[in-house]
Amino acid sequence: MLIDLRKARPWFIFFTIAALCVILAIGLISYRYPLKYLDIIKKNSALYNMDSSLVCAVIHAESKFAERALSNKGARGLMQVTEGTADWMAEKMNLNEYSFEDIFDPKINIAIGCKYLSWLLQRYEDVDLAVAAYNAGSGNVDRWLKDPKYSDGQRLSYIPFKETRDYVKRVRINKSIYDVILKFGG
């Protein structure tokens with residue numbers, strides 16, 4: 001049965017259009033900001049006392065939740081972990097029978113990536129610095145913090161690598177979006 005819009009009440013038309021817009025917006029957000037492996041993310045976030053939305057934001061920035069992602073620098077998986085970092089964190093975590101070949105497994109990748117991100121957060125005590133170090137390496141962030149052109153010694157006023165500057169902004173935006181998604185749908 002079709003509704004004759006000429007006879008429909010204005011409030012009905014308004015709420016119908018509003019409902020369709022909300023459904024469309026939710027669909028677009030779900031497509032643009034996927035949310036996979038939430039149970040693994042929440043478990044590891046809680047283990048390392050981090051916001052799940054930050055982990056989701058890093059995964060989105062690194063791989064857009066593609067578990068087989070591979071960078072030109074050899075980083076692999078959801079959280080784009082390199083072999084050296086993965087081996088180092090796996091040793092700190094006492095992972096028995098770990099092999100870098102397992103890094104595409106979401107459970108292992110997220111566990112190792114969260115351990116590393118947690119280590120960076122503890123080291124820098126600042127989310128932006130930790131995220132910059134996740135992207136550019138802690139050696140670069142340490143150098144920038146010592147350089148008065150880029151820092152006051154505590155925080156960075158400028159990130160000299162454009163890729164890292166953009167990455168930190170992207171993670172911030174992603175985190176704010178995942179904050180909302182997790183609050184209302186996760």
# chains A, B, ... in the order shown; residues from 1 in each chain; ligands from 1
$ select_by_dssp --residues "segment 42-172 of chain A" --states "helix (DSSP H, G or I)" --output "PyMOL selection string"
chain A and resi 42-47+52-63+83-92+100-104+106-124+127-136+138-146+162-172
$ closest_atom_pairs --of "segment 96-120 of chain A" --to "segment 124-141 of chain A" --cutoff "12 Å" --atoms "only C-alpha atoms" --output "CSV"
residue,atom,partner,partner_atom,distance
A:Gly113,CA,A:Tyr134,CA,9.4
A:Cys114,CA,A:Tyr134,CA,10.7
A:Lys115,CA,A:Tyr134,CA,11.5
A:Tyr116,CA,A:Tyr134,CA,8.1
A:Leu117,CA,A:Tyr134,CA,6.9
A:Ser118,CA,A:Ala130,CA,8.5
A:Trp119,CA,A:Ala130,CA,8.6
A:Leu120,CA,A:Ala130,CA,5.0
$ write_last_selection --atoms "N, CA and C atoms" --output "compact mmCIF listing (two decimals), in the first residue's frame"
# COMPACT_ATOMS: atom_id res chain seq x y z
N GLY A 113 50.36 -6.26 18.92
CA GLY A 113 50.21 -4.83 18.64
C GLY A 113 49.77 -4.05 19.86
N CYS A 114 48.85 -4.61 20.64
CA CYS A 114 48.40 -3.94 21.87
C CYS A 114 49.51 -3.88 22.91
N LYS A 115 50.27 -4.94 23.02
CA LYS A 115 51.40 -4.93 23.97
C LYS A 115 52.38 -3.82 23.59
N TYR A 116 52.68 -3.69 22.31
CA TYR A 116 53.61 -2.66 21.85
C TYR A 116 53.03 -1.26 22.06
N LEU A 117 51.77 -1.07 21.69
CA LEU A 117 51.14 0.24 21.88
C LEU A 117 51.10 0.59 23.37
N SER A 118 50.81 -0.38 24.20
CA SER A 118 50.80 -0.16 25.65
C SER A 118 52.19 0.25 26.15
N TRP A 119 53.22 -0.43 25.65
CA TRP A 119 54.59 -0.10 26.02
C TRP A 119 54.92 1.34 25.64
N LEU A 120 54.50 1.75 24.43
CA LEU A 120 54.73 3.13 23.99
C LEU A 120 53.96 4.13 24.85
$ residues_around --residues "Tyr37 of chain A" --least-positions-apart "2" --cutoff "12 Å" --atoms "only C-alpha atoms" --output "list in words"
Pro34, Leu35, Asp39, Ile40, Ile41, Lys42, Lys43, Asn44, Ser52, Val55, Cys56, Ile59, Phe65, Ala66, Glu67, Leu78, Asp105, Pro106, Lys107, Ile108, Asn109, Ile110, Ala111 and Gly186 of chain A
$ atom_distance --atom1 "atom CA of Asp147 of chain A" --atom2 "atom CA of Val58 of chain A"
26.4 Å
$ select_by_dssp --residues "chain A" --states "strand (DSSP E or B)" --output "PyMOL selection string"
chain A and resi 70+76+81+151+156
$ closest_residue --among "A:Gln122, A:Lys36, A:Asp142, A:Gly77" --to "Asp102 of chain A" --atoms "only C-alpha atoms"
A:Gly77
$ atom_distance --atom1 "atom CA of Ser53 of chain A" --atom2 "atom CA of Lys175 of chain A"
5.3 Å
